[in-house]
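Asker: One file is attached below, data-v2.txt, containing compact mmCIF, C-alpha atoms.
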# COMPACT_ATOMS: atom_id res chain seq x y z
CA MET A 1 49.93 -17.75 39.38
CA ILE A 2 48.75 -15.03 36.98
CA LYS A 3 45.65 -13.34 38.37
CA LYS A 4 45.78 -9.94 36.70
CA ILE A 5 46.91 -9.01 33.19
CA CYS A 6 47.47 -5.52 31.82
CA CYS A 7 47.78 -4.85 28.09
CA ILE A 8 49.34 -1.56 27.02
CA GLY A 9 47.80 -0.68 23.66
CA ALA A 10 44.15 -1.05 22.64
CA GLY A 11 44.67 -1.62 18.93
CA TYR A 12 44.21 -4.38 16.37
CA VAL A 13 46.33 -6.82 18.40
CA GLY A 14 45.80 -5.90 22.04
CA GLY A 15 42.02 -5.55 21.92
CA PRO A 16 41.09 -8.88 20.29
CA THR A 17 43.88 -10.85 22.00
CA CYS A 18 42.94 -9.74 25.50
CA SER A 19 39.23 -10.15 24.79
CA VAL A 20 39.78 -13.81 23.94
CA ILE A 21 42.06 -14.30 26.97
CA ALA A 22 39.28 -12.87 29.16
CA LEU A 23 36.74 -15.16 27.48
CA LYS A 24 38.81 -18.29 27.98
CA CYS A 25 40.27 -17.38 31.40
CA PRO A 26 37.33 -16.24 33.56
CA ASP A 27 39.57 -16.46 36.64
CA ILE A 28 41.95 -13.81 35.27
CA CYS A 29 41.18 -10.08 35.34
CA VAL A 30 42.29 -8.47 32.06
CA THR A 31 42.64 -4.70 31.69
CA VAL A 32 43.46 -3.08 28.34
CA VAL A 33 44.86 0.44 28.69
CA ASP A 34 45.60 3.20 26.21
CA LYS A 35 46.43 6.89 26.35
CA SER A 36 43.70 7.63 23.80
CA VAL A 37 40.53 8.61 25.67
CA GLU A 38 38.55 8.35 22.43
CA ARG A 39 39.72 4.82 21.67
CA ILE A 40 38.98 3.55 25.18
CA ALA A 41 35.54 5.17 25.00
CA GLN A 42 34.89 3.24 21.78
CA TRP A 43 35.94 -0.05 23.39
CA ASN A 44 33.46 0.69 26.18
CA SER A 45 30.64 1.51 23.72
CA GLU A 46 28.42 -0.57 21.46
CA LYS A 47 30.49 0.44 18.40
CA LEU A 48 33.99 -0.94 18.80
CA PRO A 49 36.92 0.92 17.19
CA ILE A 50 37.77 -2.04 14.95
CA TYR A 51 35.66 -4.51 13.00
CA GLU A 52 36.46 -8.16 13.40
CA PRO A 53 33.93 -11.01 12.91
CA GLY A 54 32.94 -12.37 16.32
CA LEU A 55 34.71 -9.66 18.33
CA ASP A 56 31.52 -7.85 19.37
CA ASP A 57 30.11 -11.02 20.93
CA VAL A 58 33.31 -11.77 22.87
CA VAL A 59 33.59 -8.22 24.22
CA SER A 60 29.88 -8.08 25.13
CA GLU A 61 30.18 -11.30 27.12
CA CYS A 62 33.33 -10.36 29.06
CA ARG A 63 33.32 -6.57 29.39
CA GLY A 64 32.59 -5.48 32.96
CA ARG A 65 33.08 -9.04 34.23
CA ASN A 66 36.78 -9.75 33.85
CA LEU A 67 37.59 -7.54 30.84
CA PHE A 68 38.09 -3.81 31.31
CA PHE A 69 39.18 -0.95 29.04
CA SER A 70 40.73 2.01 30.82
CA THR A 71 42.95 5.08 30.52
CA ASP A 72 44.23 4.56 34.08
CA ILE A 73 47.54 3.10 32.97
CA GLU A 74 49.27 3.54 36.33
CA LYS A 75 46.72 1.48 38.27
CA ALA A 76 46.64 -1.30 35.67
CA ILE A 77 50.44 -1.63 35.61
CA GLN A 78 50.70 -1.48 39.38
CA GLU A 79 48.16 -4.28 39.92
CA ALA A 80 49.22 -6.57 37.05
CA ASP A 81 51.21 -9.78 37.40
CA LEU A 82 51.82 -9.88 33.66
CA ILE A 83 51.98 -6.95 31.21
CA PHE A 84 51.58 -7.22 27.45
CA ILE A 85 53.24 -4.49 25.39
CA SER A 86 51.00 -4.27 22.35
CA VAL A 87 51.75 -0.84 20.92
CA ASN A 88 52.31 0.25 17.34
CA THR A 89 55.75 -0.31 15.77
CA PRO A 90 55.58 1.67 12.50
CA THR A 91 58.38 1.89 9.97
CA LYS A 92 60.72 4.81 10.71
CA THR A 93 60.11 7.86 8.54
CA PHE A 94 63.32 9.68 9.48
CA GLY A 95 66.85 9.15 10.70
CA ASN A 96 68.96 6.00 10.60
CA GLY A 97 67.05 3.15 8.97
CA ARG A 98 64.38 5.46 7.53
CA GLY A 99 61.89 3.58 5.35
CA ARG A 100 62.99 0.15 6.61
CA ALA A 101 63.70 -0.08 10.35
CA ALA A 102 60.93 -0.40 12.92
CA ASP A 103 60.35 2.68 15.07
CA LEU A 104 60.40 1.43 18.66
CA LYS A 105 59.56 4.75 20.35
CA TYR A 106 56.19 3.47 21.60
CA VAL A 107 57.72 0.23 22.89
CA GLU A 108 60.41 2.23 24.66
CA SER A 109 57.80 4.58 26.12
CA ALA A 110 55.80 1.62 27.44
CA ALA A 111 58.92 0.11 29.03
CA ARG A 112 59.74 3.42 30.71
CA MET A 113 56.19 3.66 32.10
CA ILE A 114 56.50 0.17 33.57
CA ALA A 115 59.88 1.04 35.10
CA ASP A 116 58.49 4.24 36.64
CA ILE A 117 55.31 2.68 38.04
CA ALA A 118 56.06 -0.92 39.05
CA THR A 119 56.83 -1.63 42.71
CA ASN A 120 56.80 -5.43 42.56
CA ASP A 121 57.91 -8.22 40.21
CA LYS A 122 56.46 -8.22 36.68
CA ILE A 123 56.47 -10.49 33.66
CA VAL A 124 56.67 -8.17 30.64
CA VAL A 125 55.61 -9.67 27.32
CA GLU A 126 56.37 -8.26 23.85
CA LYS A 127 53.21 -8.68 21.80
CA SER A 128 54.04 -6.01 19.21
CA THR A 129 55.98 -7.08 16.13
CA VAL A 130 59.52 -6.03 16.92
CA PRO A 131 63.00 -6.50 15.40
CA VAL A 132 65.28 -9.22 16.73
CA ARG A 133 66.83 -8.37 20.12
CA ALA A 134 64.17 -5.77 20.99
CA ALA A 135 63.61 -7.62 24.27
CA GLU A 136 67.20 -6.77 25.13
CA SER A 137 66.40 -3.07 24.71
CA ILE A 138 63.34 -3.38 26.96
CA MET A 139 65.40 -5.13 29.63
CA ASN A 140 68.11 -2.47 29.44
CA ILE A 141 65.50 0.23 30.09
CA LEU A 142 63.99 -1.68 33.01
CA ARG A 143 67.37 -2.46 34.56
CA ALA A 144 68.58 1.13 34.13
CA ASN A 145 65.63 2.23 36.27
CA HIS A 146 66.01 -0.57 38.79
CA LYS A 147 64.18 -0.35 42.11
CA PRO A 148 65.04 -2.47 45.17
CA GLY A 149 62.85 -5.57 45.40
CA VAL A 150 61.56 -5.31 41.82
CA SER A 151 62.62 -7.80 39.15
CA TYR A 152 61.45 -8.31 35.59
CA GLN A 153 61.29 -11.18 33.16
CA ILE A 154 60.94 -10.29 29.48
CA LEU A 155 59.12 -12.70 27.16
CA SER A 156 58.42 -12.60 23.45
CA ASN A 157 54.92 -13.78 22.46
CA PRO A 158 54.30 -12.65 18.87
CA GLU A 159 50.80 -12.66 17.45
CA PHE A 160 49.96 -14.66 14.35
CA LEU A 161 46.59 -13.09 13.58
CA ALA A 162 45.10 -12.36 10.19
CA GLU A 163 42.69 -9.44 10.16
CA GLY A 164 39.23 -10.66 9.24
CA THR A 165 39.78 -13.99 11.03
CA ALA A 166 41.51 -12.78 14.22
CA ILE A 167 39.03 -14.25 16.72
CA ASP A 168 39.10 -17.67 15.06
CA ASP A 169 42.90 -17.46 14.80
CA LEU A 170 43.11 -16.79 18.54
CA ILE A 171 40.63 -19.46 19.61
CA ASN A 172 41.87 -22.14 17.18
CA ALA A 173 45.54 -21.18 17.00
CA ASP A 174 47.91 -23.34 14.94
CA ARG A 175 50.56 -22.58 17.53
CA VAL A 176 51.40 -20.19 20.32
CA LEU A 177 55.03 -19.09 20.41
CA ILE A 178 56.69 -17.98 23.64
CA GLY A 179 60.34 -16.98 23.88
CA GLY A 180 62.30 -16.24 27.03
CA GLU A 181 65.68 -16.43 28.72
CA ASP A 182 67.28 -19.80 29.35
CA THR A 183 67.52 -19.21 33.08
CA PRO A 184 65.46 -20.68 35.95
CA GLN A 185 63.63 -17.36 36.30
CA GLY A 186 63.10 -17.06 32.54
CA GLN A 187 61.77 -20.59 32.28
CA ALA A 188 59.43 -20.00 35.23
CA ALA A 189 58.02 -16.91 33.50
CA ILE A 190 57.50 -18.90 30.28
CA GLU A 191 55.63 -21.53 32.28
CA GLU A 192 53.32 -18.89 33.80
CA LEU A 193 52.33 -17.60 30.34
CA CYS A 194 51.93 -21.17 29.10
CA LYS A 195 49.41 -21.78 31.89
CA VAL A 196 47.34 -18.81 30.67
CA TYR A 197 47.15 -20.19 27.13
CA GLU A 198 46.55 -23.75 28.36
CA HIS A 199 43.05 -22.67 29.38
CA TRP A 200 42.14 -23.39 25.73
CA ILE A 201 45.26 -24.24 23.72
CA PRO A 202 46.66 -27.82 23.97
CA ARG A 203 50.19 -27.83 25.38
CA LYS A 204 51.51 -29.55 22.25
CA HIS A 205 50.57 -26.42 20.27
CA ILE A 206 52.57 -24.12 22.58
CA LEU A 207 56.13 -23.76 21.33
CA THR A 208 58.81 -22.36 23.63
CA THR A 209 62.10 -20.96 22.32
CA ASN A 210 64.75 -18.47 23.27
CA THR A 211 63.73 -14.83 22.96
CA TRP A 212 65.62 -14.12 19.74
CA SER A 213 64.17 -17.14 17.90
CA SER A 214 60.66 -16.04 18.86
CA GLU A 215 61.20 -12.49 17.63
CA LEU A 216 62.68 -13.61 14.30
CA SER A 217 60.01 -16.26 13.76
CA LYS A 218 57.30 -13.60 13.53
CA LEU A 219 59.18 -11.64 10.86
CA ALA A 220 60.01 -14.87 9.02
CA ALA A 221 56.38 -16.06 8.98
CA ASN A 222 55.10 -12.83 7.45
CA ALA A 223 58.00 -12.73 4.98
CA PHE A 224 57.20 -16.26 3.77
CA LEU A 225 53.49 -15.47 3.33
CA ALA A 226 54.20 -12.24 1.44
CA GLN A 227 56.75 -14.09 -0.68
CA ARG A 228 54.04 -16.52 -1.82
CA ILE A 229 51.78 -13.65 -2.88
CA SER A 230 54.56 -11.95 -4.83
CA SER A 231 55.48 -15.30 -6.41
CA ILE A 232 51.98 -16.00 -7.74
CA ASN A 233 51.61 -12.37 -8.86
CA SER A 234 54.85 -12.64 -10.83
CA LEU A 235 53.46 -15.76 -12.51
CA SER A 236 50.23 -13.91 -13.31
CA ALA A 237 52.25 -11.63 -15.61
CA ILE A 238 53.69 -14.66 -17.41
CA CYS A 239 50.20 -16.14 -17.72
CA GLU A 240 48.85 -12.99 -19.34
CA LYS A 241 51.66 -13.07 -21.92
CA THR A 242 51.31 -16.78 -22.74
CA GLY A 243 47.58 -17.44 -22.49
CA ALA A 244 47.85 -19.58 -19.36
CA ASP A 245 45.23 -19.14 -16.61
CA VAL A 246 46.87 -18.12 -13.32
CA SER A 247 43.97 -19.60 -11.32
CA GLU A 248 44.53 -22.98 -12.96
CA VAL A 249 48.28 -22.74 -12.43
CA ALA A 250 47.76 -21.84 -8.75
CA ARG A 251 45.36 -24.74 -8.28
CA ALA A 252 47.77 -27.19 -9.92
CA VAL A 253 50.71 -25.93 -7.84
CA GLY A 254 48.68 -25.81 -4.62
CA LEU A 255 47.69 -29.46 -4.89
CA ASP A 256 51.33 -30.36 -4.27
CA SER A 257 51.26 -31.25 -0.57
CA ARG A 258 54.74 -29.76 -0.13
CA ILE A 259 53.42 -26.35 -1.22
CA GLY A 260 49.72 -26.16 -0.33
CA SER A 261 47.06 -23.84 -1.70
CA LYS A 262 47.02 -20.95 0.78
CA PHE A 263 48.25 -17.49 -0.28
CA LEU A 264 48.37 -18.51 -3.94
CA GLN A 265 45.60 -16.30 -5.26
CA ALA A 266 46.83 -13.69 -7.74
CA SER A 267 45.75 -10.18 -6.82
CA VAL A 268 46.56 -6.49 -6.99
CA GLY A 269 49.17 -7.11 -4.31
CA PHE A 270 49.33 -7.49 -0.55
CA GLY A 271 48.56 -4.67 1.87
CA GLY A 272 47.87 -4.20 5.55
CA SER A 273 50.05 -3.09 8.43
CA CYS A 274 52.25 -6.19 8.72
CA PHE A 275 53.68 -7.71 5.56
CA GLN A 276 55.48 -4.72 4.09
CA LYS A 277 56.55 -3.36 7.47
CA ASP A 278 57.94 -6.70 8.62
CA ILE A 279 59.82 -7.44 5.39
CA LEU A 280 61.35 -3.95 5.37
CA ASN A 281 62.38 -4.58 8.97
CA LEU A 282 63.93 -7.89 7.91
CA VAL A 283 65.78 -6.15 5.06
CA TYR A 284 67.16 -3.58 7.49
CA ILE A 285 68.31 -6.28 9.91
CA CYS A 286 70.12 -8.04 7.06
CA GLU A 287 71.83 -4.79 6.06
CA CYS A 288 72.92 -4.17 9.65
CA LEU A 289 74.31 -7.72 9.83
CA ASN A 290 76.27 -7.11 6.60
CA LEU A 291 74.21 -9.65 4.63
CA PRO A 292 73.52 -7.66 1.43
CA GLU A 293 72.57 -10.70 -0.66
CA VAL A 294 69.91 -11.71 1.88
CA ALA A 295 68.65 -8.13 2.09
CA THR A 296 68.34 -7.95 -1.71
CA TYR A 297 66.45 -11.26 -1.80
CA TRP A 298 63.73 -10.07 0.59
CA GLN A 299 63.62 -6.56 -0.89
CA GLN A 300 62.57 -8.16 -4.17
CA VAL A 301 59.35 -9.39 -2.53
CA ILE A 302 58.44 -5.75 -1.82
CA ASP A 303 59.58 -4.58 -5.26
CA MET A 304 57.41 -7.21 -6.97
CA ASN A 305 54.42 -6.11 -4.90
CA GLU A 306 54.89 -2.46 -5.88
CA TRP A 307 55.28 -3.46 -9.53
CA GLN A 308 52.07 -5.50 -9.41
CA LYS A 309 50.08 -2.52 -8.11
CA SER A 310 51.49 -0.25 -10.83
CA ARG A 311 50.88 -2.92 -13.48
CA PHE A 312 47.24 -3.27 -12.43
CA SER A 313 46.68 0.50 -12.57
CA ALA A 314 48.27 0.64 -16.03
CA LYS A 315 46.02 -2.18 -17.28
CA VAL A 316 42.91 -0.31 -16.10
CA ILE A 317 43.99 2.80 -18.01
CA GLU A 318 44.95 0.75 -21.07
CA SER A 319 41.54 -0.96 -21.13
CA LEU A 320 39.86 2.47 -21.26
CA PHE A 321 41.68 3.54 -24.45
CA ASN A 322 44.65 4.93 -22.50
CA THR A 323 42.70 7.81 -20.99
CA VAL A 324 40.51 7.96 -17.90
CA THR A 325 40.07 11.73 -17.75
CA ASP A 326 36.52 12.56 -16.56
CA LYS A 327 35.54 8.89 -16.72
CA HIS A 328 33.54 7.51 -13.78
CA ILE A 329 35.11 4.40 -12.26
CA ALA A 330 33.65 2.29 -9.44
CA VAL A 331 36.05 0.87 -6.87
CA LEU A 332 34.43 -1.99 -4.97
CA GLY A 333 36.38 -2.50 -1.77
CA PHE A 334 38.90 -0.11 -0.22
CA ALA A 335 40.18 -2.07 2.79
CA PHE A 336 43.28 -4.17 2.19
CA LYS A 337 41.26 -7.42 2.44
CA LYS A 338 37.74 -8.63 3.11
CA ASN A 339 36.12 -8.71 6.57
CA THR A 340 38.12 -5.78 7.90
CA GLY A 341 37.87 -2.00 7.88
CA ASP A 342 41.66 -1.57 7.87
CA THR A 343 42.92 0.47 4.91
CA ARG A 344 46.58 0.64 5.96
CA GLU A 345 48.85 0.02 2.94
CA SER A 346 45.79 -1.09 0.95
CA PRO A 347 46.57 -1.64 -2.77
CA ALA A 348 43.31 0.22 -3.46
CA ILE A 349 44.99 3.43 -2.28
CA HIS A 350 47.78 3.08 -4.85
CA VAL A 351 45.35 2.27 -7.66
CA SER A 352 42.92 5.05 -6.70
CA ARG A 353 45.69 7.64 -6.43
CA THR A 354 47.00 6.71 -9.88
CA LEU A 355 43.54 6.94 -11.43
CA LEU A 356 42.86 10.29 -9.74
CA ASP A 357 46.17 11.63 -11.02
CA GLU A 358 45.03 10.61 -14.50
CA GLY A 359 41.82 12.63 -14.08
CA ALA A 360 39.32 9.86 -13.32
CA VAL A 361 36.21 10.38 -11.17
CA LEU A 362 36.08 7.60 -8.56
CA HIS A 363 33.08 6.14 -6.74
CA ILE A 364 34.48 4.06 -3.86
CA TYR A 365 32.43 1.57 -1.85
CA ASP A 366 33.48 -0.65 1.02
CA PRO A 367 31.05 -2.50 3.31
CA LYS A 368 33.14 -1.77 6.43
Spell out the structure here as structure tokens.
Answerer:
Amino acid sequence: MIKKICCIGAGYVGGPTCSVIALKCPDICVTVVDKSVERIAQWNSEKLPIYEPGLDDVVSECRGRNLFFSTDIEKAIQEADLIFISVNTPTKTFGNGRGRAADLKYVESAARMIADIATNDKIVVEKSTVPVRAAESIMNILRANHKPGVSYQILSNPEFLAEGTAIDDLINADRVLIGGEDTPQGQAAIEELCKVYEHWIPRKHILTTNTWSSELSKLAANAFLAQRISSINSLSAICEKTGADVSEVARAVGLDSRIGSKFLQASVGFGGSCFQKDILNLVYICECLNLPEVATYWQQVIDMNEWQKSRFSAKVIESLFNTVTDKHIAVLGFAFKKNTGDTRESPAIHVSRTLLDEGAVLHIYDPK
């Protein structure tokens, strides 16, 4: 029975996820830990480090009762029955796989901390978005530092949150995905995590798979969503050349029940920390598996997104008589989407940088 949960990483995933777990599981003590003293101080203040509709209310209700934010990583790991690894997995900026592969240094560091500190059995859960077979790497680290009487089970439990609706996504989840080993011990660990989610998620919405299927499903989901955005953006260019209205085309296409209307709104392009990173990761995996045609297919989703951002910037300049030097331009919204303060990979950055390079004077406003 899970009585204590530790989450390593107090970011966009770990903070909201564990806050909702604490809200829905009052009998479980949840501790979110991070090396950043400043970030933990913010989680313990009235001004949280991230903005998410509904998050303030959840944290206010649970904090100090069964939800704690701390920098005492050793104590939290030692006491926990289950540990979420929810650290950042940025795209590598150097070395093999640079610009495409996920950098797992923080995941590896978290695994090494667990191996050093733990003195009893732990269920370790990947919450970060990781490449396929990352769980194998975590297990190798834990087994290489084996202590007598200590055993580990590694699960994959990817998040399917959209920033701006994260709390609702957690409370009213379409599905919860849990992957683990097909062994008696692995299945028992899966069942323990299922029981946590069953406090508010119907069992029929909890999908269990093997570890590798779970890891790939997260990358696949984000790739499919990004693909839809690039698809409608490519059609927006055709619409502008032919006189068609992309909004009307999207509505007509979206009414097909096989397709649906979500993620069919033409825009400057997708942004945020997930879509581009996950597709690049998928491209790299395909290259490593010697599947160049598959890699090229998914790379085109990224290429179309970059082209859309450049095309939008060019249209702004063209509409101002091909020169924006010393012209004052208002930019309404700088985050990558509404209801979030996250500017990572925001298309607004690309557009603003282009306009600044052309000599424009920008006035940028964002409510968050």
Asker: CA of Arg65 (chain A) and CA of Ile2 (chain A) are how many Å apart?
Answerer: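 For CA of Arg65 (chain A) relative to CA of Ile2 (chain A), the distance reads 17.0 Å.
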Asker: Within 12 Å of region 300-304 of chain A, counting only C-alpha atoms, which residues qualify if same-chain residues fewer than 2 places away don't, as a PyMOL selection string?
Answerer: chain A and resi 100+222-237+268-271+275-283+293-298+306-311
Asker: With C-alpha atoms retained, could you export that selection as an mmCIF file, in the coordinates of the input?
Answerer:
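Wrote it out as again.cif, contents follow:
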data_model
loop_
_atom_site.group_PDB
_atom_site.id
_atom_site.type_symbol
_atom_site.label_atom_id
_atom_site.label_comp_id
_atom_site.auth_asym_id
_atom_site.auth_seq_id
_atom_site.Cartn_x
_atom_site.Cartn_y
_atom_site.Cartn_z
ATOM 1 C CA ARG A 100 62.990 0.150 6.610
ATOM 2 C CA ASN A 222 55.100 -12.830 7.450
ATOM 3 C CA ALA A 223 58.000 -12.730 4.980
ATOM 4 C CA PHE A 224 57.200 -16.260 3.770
ATOM 5 C CA LEU A 225 53.490 -15.470 3.330
ATOM 6 C CA ALA A 226 54.200 -12.240 1.440
ATOM 7 C CA GLN A 227 56.750 -14.090 -0.680
ATOM 8 C CA ARG A 228 54.040 -16.520 -1.820
ATOM 9 C CA ILE A 229 51.780 -13.650 -2.880
ATOM 10 C CA SER A 230 54.560 -11.950 -4.830
ATOM 11 C CA SER A 231 55.480 -15.300 -6.410
ATOM 12 C CA ILE A 232 51.980 -16.000 -7.740
ATOM 13 C CA ASN A 233 51.610 -12.370 -8.860
ATOM 14 C CA SER A 234 54.850 -12.640 -10.830
ATOM 15 C CA LEU A 235 53.460 -15.760 -12.510
ATOM 16 C CA SER A 236 50.230 -13.910 -13.310
ATOM 17 C CA ALA A 237 52.250 -11.630 -15.610
ATOM 18 C CA VAL A 268 46.560 -6.490 -6.990
ATOM 19 C CA GLY A 269 49.170 -7.110 -4.310
ATOM 20 C CA PHE A 270 49.330 -7.490 -0.550
ATOM 21 C CA GLY A 271 48.560 -4.670 1.870
ATOM 22 C CA PHE A 275 53.680 -7.710 5.560
ATOM 23 C CA GLN A 276 55.480 -4.720 4.090
ATOM 24 C CA LYS A 277 56.550 -3.360 7.470
ATOM 25 C CA ASP A 278 57.940 -6.700 8.620
ATOM 26 C CA ILE A 279 59.820 -7.440 5.390
ATOM 27 C CA LEU A 280 61.350 -3.950 5.370
ATOM 28 C CA ASN A 281 62.380 -4.580 8.970
ATOM 29 C CA LEU A 282 63.930 -7.890 7.910
ATOM 30 C CA VAL A 283 65.780 -6.150 5.060
ATOM 31 C CA GLU A 293 72.570 -10.700 -0.660
ATOM 32 C CA VAL A 294 69.910 -11.710 1.880
ATOM 33 C CA ALA A 295 68.650 -8.130 2.090
ATOM 34 C CA THR A 296 68.340 -7.950 -1.710
ATOM 35 C CA TYR A 297 66.450 -11.260 -1.800
ATOM 36 C CA TRP A 298 63.730 -10.070 0.590
ATOM 37 C CA GLU A 306 54.890 -2.460 -5.880
ATOM 38 C CA TRP A 307 55.280 -3.460 -9.530
ATOM 39 C CA GLN A 308 52.070 -5.500 -9.410
ATOM 40 C CA LYS A 309 50.080 -2.520 -8.110
ATOM 41 C CA SER A 310 51.490 -0.250 -10.830
ATOM 42 C CA ARG A 311 50.880 -2.920 -13.480
#
Asker: In terms of the shortest atom-to-atom distance over all atoms listed in the file, which of A:Leu170, A:Cys288, A:Cys62, A:Ile238 is closest to Pro26 (chain A)?
Answerer: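 Comparing A:Leu170, A:Cys288, A:Cys62, A:Ile238 against Pro26 (chain A), the winner is A:Cys62.
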Asker: Between CA of Val130 (chain A) and CA of Phe94 (chain A), what is the distance, to one decimal in Å?
Answerer: 17.8 Å
Asker: Go ahead and compute the interatomic distance for CA of Lys105 (chain A) and CA of Ile40 (chain A), in Å to one decimal.
Answerer: 21.2 Å
Asker: Could you pull the residues within 9 Å of Lys92 (chain A), counting all atoms listed in the file, minus those fewer than 5 positions along the same chain, as a ChimeraX atom specification?
Answerer: /A:97-104
